[in-house]
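Participant: Here it is, the structure, as structure tokens.
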Amino acid sequence: MSILDPLKGFGVTFGTMFRGVVTEDYPVNPAPVAPRYRMRHRLNRHPDGLEKCIGCELCAWACPADAIYVEGGNNTPDARYSPGERYAKDYQINYLRCIGCGMCVEACPTRSLTMINEYELADDDRQRLIYTKEQLLSPLLPGMEQPPHPPRLGTEKDYYVKGPELLKEYNDARRAAGDKIPQPPPLPPLGVATGQSADRVLRSTSRGEDAS
Amino acid sequence: MTATLPATETPAILGPAWDADAPAPDGYVKFVIDGQDVVAPKGEMVIRTCERMGIEITRFCDHPLLEPIAACRQCLVEMEMGGRMMPKPQPACAVAVADGLVVHTQRTSAVAARAQWANVEFILTNHPLDCPMCDKGGECPLQNQDLAHGPGESRFKEAKRTFVKPIAISTEILLDRDRCILCYRCTRFSEEIAGDPFIDMLGRGVRQQVGTGPEVPFQSYFSGNTIQICPVGALTSTAYRFRSRAFDLKSAPTICELCSAGCELRTDHRSGKILRRYAGENGDVNEEWNCDKGRFAFRYVTGDDRLRTPLVRGTDGSLAPASWTDAMTAAAAGLARAKAAGGVGVLAGGRLTVTDAYAYGKFARVALGTNDVDFRARAHSAEELDFLARRVVGVSPKTGGVTYRGLEAAKHVLLVALEPEEECPIVFLRLRKAARRHGTQITAVAPYASYGLHKMGGVLIPAAPGAENAAVAALAGADDPAGLRTDGAVILVGERAAEVPGLLTAVGELADATGARLAWVPRRAGERGALDAGATPTLLPGGRAVTDAAARAQVENAWGTAIPETPGRDTAGILAAAAAGELGGLLIGGVELDDLPDPAAARRAVENAGFVVSLELRRSEVTDLADVVFPVAAAPEKAGAYLDWEGRVRPFNTALKWAGGLDDGRVLDTLGVEMDVDLYTQTPKSATEDLARLGAYEIPRTRTASYPPTTATPAAADGALTLASWRLLLDGSRAEDGEPHLAGTRRPESVRLSPATAERLGLADGTLVTLTGTAGSVTLPLVVTDMVDGVVWAPGRVAGTSLAAQTGARAGDGVTVAAAPPDAVAAVDPDVVASEAEGRLGSLVTGMGGSK
């Protein structure tokens with residue numbers, strides 16, 4: 001061992017000071033993820049706010065990690081949550097178990113369950129990592145109405161066949177009647193985890209926290 | 001090459017002794033399936049033979065217990081007869097085997113394979129693809145067969161036929177007509193098995209559909225079976241609708257705890273809750289059927305009123321939750337005081353497993369030093385105990401007792417004080433099968449020919465309550481009107497026989513005189529087990545009489561304790577002694593005071609008893625009056641065994657494993673330890689072993705009756721009518737709590753009078769009448785029925801409360817019937833009367849409904 005060896009070591013440290021930074025400034029400046037990266041689930045809605053989920057449990061069946069719990073319920077004329085007879089009375093995803101494989105999304109027969117590119121799924125409480133239906137449901141966009149409510153877009157069949165056209169007709173009719181239809185705000189560019197996405201706001205508020 | 005067939009089906013031809021070249025034995029035919037020589041019993045359908053050979057032929061309409069119909073055309077196979085190929089593939093489910101037949105299944109015939117493949121596609125032309133939301137999805141024969149054998153993709157692009165859906169054909173059964181594949185299983189079940197032909201095929205061609213008549217609701221005690229046999233999701237239950245998917249469910253084989261039929265069930269549960277119960281398969285007992293009560297009445301297990309912790313009455317006089325330790329100490333101390341202050345009576349209740357009942361009987365003798373223990377929470381008598389000790393206890397299929405199969409084989413069956421459809425529905429199904437298939441003649445001694453008797457094509461021997469003795473005695477005559485002297489004839493006597501003094505003696509003498517076999521059919525699941533386990537005042541376990549010194553010594557040796565040699569008090573005696581202050585306390589199992597013959601007196605007795613310990617599932621009148629209450633496990637939460645009415649052991653394991661309840665045996669065992677005695681009933685297994693330690697004992701069948709037979713006199717004093725009454729299957733009992741859809745399928749409650757009696761009283765059919773006893777009255781619609789004059793029939797419970805509690809009248813008592821006062825008429829919903837008039841079953845009876 002040479003007497004100069006410690007100096008060599010310090011040389012490495014000194015030299016590194018002039019190189020670029022490899023770490024990321026998370027969580028202050030989160031780096032964008034790949035645009036098609038998918039992790040957190042979302043339960044989508046029809047354009048009038050009715051849930052697309054029919055509580056069929058095929059996602060739970062497909063799940064290799066047994067992370068999804070669904071309980072179906074019966075839509076009644078007084079309380080309709082989704083088109084058709086059946087809706088999800090309870091829907092939970094356990095993110096302690098979820099492996100992000102996306103089999104559930106593939107299994108979903110109504111395109112209700114999709115994944116978004118939010119990835120911040122860490123917590124110091126196991127209970128909070130079981131996401132409930134309220135946390136998973138997509139937020140109400142302008143023009144949507146909080147279920148339960150009667151279908152606004154025609155018959156049950158119409159929902160599955162021509163949803164967007166019906167929404168346009170519906171909104172046109174409301175405009176003609178003098179209603180002011182607010183335009184949805186522009187979505188944040190894909191691939192940027194803002195930490196302020198609608199889901200995150202919803203999630204934090206539903207836990208009774210401040211939405212910061 | 002010769003196929004060997006399973007021994008169970010064709011015992012006559014098994015083994016190497018059978019030569020392939022030899023002709024088929026008598027009663028059998030020899031033919032060829034897929035190149036194999038086969039021998040099958042005459043009359044068997046080809047599909048059954050294929051099944052036994054392990055050749056799977058797809059099918060939807062075929063069901064082994066229903067008659068062939070060949071409606072779905074799924075089981076097509078090619079057939080050759082006399083060397084000539086039949087021009088088209090034939091349905092294997094509807095062609096009987098014949099000598100010289102040559103069958104080519106889909107395994108050897110491309111035509112058959114193609115026909116089956118194409119038929120799946122054809123069936124799917126109108127079947128909606130809503131499997132994700134269909135309750136059958138995941139366990140659907142159509143889904144499975146399409147996946148396994150179907151084309152996978154349909155060439156039909158046209159719009160599918162649709163109907164409004166679902167329609168509720170009863171409050172419990174929903175029908176999705178567009179899913180229906182017209183297999184006729186539900187309609188055939190209703191007609192052939194249950195005998196309630198209220199659903200049928202309507203319309204023709206593409207509009208053909210299952211439906212009900214406009215005025216006739218689908219009202220059947222067996223409607224749930226149609227859901228189970230529906231090969232698609234066309235019939236679903238309101239109770240289970242969308243609650244779960246097949247793959248969520250954990251299934252456990254269980255035994256039904258709701259009557260003495262002993263049905264095999266499959267209990268499906270998810271997250272610790274029972275979601276549904278299906279009939280299990282047991283050819284010796286329930287075949288593949290069960291009743292709607294057994295199928296749907298399980299919500300009581302998870303009801304809000306379940307007791308979860310022990311309760312102890314504090315110094316302030318109110319019941320408060322306590323730890324098990326504190327409750328045990330309090331109960332043991334109280335029972336010890338009560339024992340010193342005159343003794344403790346034990347009312348075990350009729351819903352116990354064998355080992356739990358054994359624990360009650362042993363606790364009474366070992367810890368309380370008394371024979372005052374009785375399981376009978378219903379009308380009972382000393383004569384009944386004699387009858388049970390002489391003719392019923394210890395009888396089982398193994399000792400040659402009457403069995404379900406025995407009923408089917410009998411040429412003549414006599415029913416005394418038993419209405420099987422209401423009191424033991426699976427006995428009814430077996431009797432109806434016997435009558436329909438084998439022409440069994442069924443005779444009933446009853447005040448009127450019930451709907452169930454009509455459906456069995458039975459004969460009525462009219463007898464007013466109290467006059468059954470004479471009617472039964474007359475059957476012993478040499479002319480043998482009920483055919484009881486024929487080989488294999490059976491007498492079934494119900495628990496209600498105890499209401500009539502002398503009837504059980506008369507029935508016993510009738511059996512002795514004619515040589516007919518005799519069986520006792522109680523209503524509750526635990527009664528036979530409790531009898532054999534010794535929870536009675538006169539019998540120790542295994543039918544050992546308390547008064548028999550040798551038998552008693554056997555038990556005393558095993559238990560290491562002295563047993564009083566005098567018989568104890570029965571239920572009525574215990575309650576009377578408690579009311580009079582002779583007893584220091586009571587230990588009460590699952591007993592509803594309303595079920596007892598005199599509910600008001602029972603209430604007074606429990607109030608007066610010095611110290612009351614109650615073991616209960618749920619809050620009840622008894623727990624409200626008790627000093628210490630122990631929560632016990634419900635049947636799905638524990639293991640054990642029931643004895644069904646045959647005496648057949650029906651063991652079951654815990655279905656809800658994490659429910660954490662303790663069974664009665666365990667609670668009593670721990671209480672025994674607290675009182676310094678060991679019961680060895682911690683678990684059903686140890687209790688069974690303890691029971692076995694008593695050793696062998698031959699029950700003497702020659703015991704003479706200690707009860708003097710009497711002749712009852714009908715109590716029809718001036719203007720009074722004799723009350724006839726029995727419990728209906730669905731009558732708002734506590735087991736049915738929490739299941740409103742099942743409640744909707746109850747039969748309308750009504751009062752029945754004969755035309756002459758109704759005319760004498762000036763009452764018209766369909767009007768509201770008031771039945772008045774000593775303690776009160778009930779108002780119900782009148783149904784004029786062809787029945788014995790001077791008798792009025794009313795259901796054992798009216799509007800969910802016992803008739804005896806409301807009117808003070810029991811079967812055999814005198815009551816008065818008059819037109820309802822106007823205020824009572826106003827209090828009754830007019831719709832009830834209207835639906836009563838429409839849905840009246842008596843007018844719809846079609847007898848044997850298309851029997852062959």
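Labels used: A, B, ... for chains in the order of the structure tokens, numbers from 1 for residues in each chain, and numbers from 1 for ligands as shown.
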Kindly provide, as a PyMOL selection string, the residues of chain B having any atom no farther than 7 Å from an atom of chain A, counting only C-alpha atoms.
Facilitator: chain B and resi 132-133+242-244
Participant: Excluding Thr767 (chain B) and residues on its chain fewer than 6 positions from it, collect all residues at most 9 Å away from it, counting only C-alpha atoms, and give them as a short mmCIF file (atom, residue, chain, number, x, y, z; two decimals) with N, CA and C atoms, in the first residue's frame.
Facilitator:
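The resulting file, around00.cif, is reproduced below:
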data_model
loop_
_atom_site.label_atom_id
_atom_site.label_comp_id
_atom_site.auth_asym_id
_atom_site.auth_seq_id
_atom_site.Cartn_x
_atom_site.Cartn_y
_atom_site.Cartn_z
N LEU B 780 -108.28 -13.95 10.10
CA LEU B 780 -107.67 -14.46 8.87
C LEU B 780 -108.77 -14.67 7.83
N PRO B 781 -108.41 -14.73 6.56
CA PRO B 781 -109.42 -15.04 5.54
C PRO B 781 -109.88 -16.50 5.66
N LEU B 782 -111.11 -16.73 5.32
CA LEU B 782 -111.68 -18.09 5.39
C LEU B 782 -111.55 -18.77 4.04
N VAL B 783 -111.10 -19.99 4.06
CA VAL B 783 -111.10 -20.82 2.86
C VAL B 783 -112.01 -22.01 3.15
N ALA B 819 -117.66 -14.09 12.04
CA ALA B 819 -117.26 -13.07 11.08
C ALA B 819 -116.44 -12.02 11.81
N ALA B 820 -115.41 -11.52 11.12
CA ALA B 820 -114.52 -10.56 11.77
C ALA B 820 -115.27 -9.26 12.05
N VAL B 833 -106.27 -10.03 1.40
CA VAL B 833 -107.46 -10.84 1.17
C VAL B 833 -107.58 -11.18 -0.30
#
Participant: Assign secondary structure with DSSP using the backbone only, and return the residues of region 110-169 of chain A in strand (DSSP E) as a ChimeraX atom specification.
Facilitator: /A:113-116,130-131
Participant: Need to verify the contact set: Glu621 (chain B), 10 Å, only C-alpha atoms, exclusion of same-chain residues closer than 5 positions in sequence. Can you return it as a list in words?
Facilitator: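 Skipping anything fewer than 5 positions along the chain leaves Val591, Glu592, Leu593, Asp594, Arg603, Val606 and Ala626 of chain B.
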Participant: Could you give me, as a PyMOL selection string, the residues within 7 Å of Ala348 (chain B), counting only C-alpha atoms and dropping anything in the same chain fewer than 6 positions from it?
Facilitator: chain B and resi 357+360+374-375+588-590
Participant: So how far away is CA of Glu509 (chain B) from CA of Asn371 (chain B), in Å?
Facilitator: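 Rounded to one decimal, the two atoms are 28.8 Å apart.
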Participant: Which residues, written as a list in words, have at least one atom at most 12 Å from Ala110 (chain B), with only C-alpha atoms counted and residues fewer than 4 positions away on the same chain left out?
Facilitator: Leu76, Val77, Glu78, Pro89, His104, Thr105, Gln106, Arg114, Ala115, Gln116, Trp117 and Ala118 of chain B
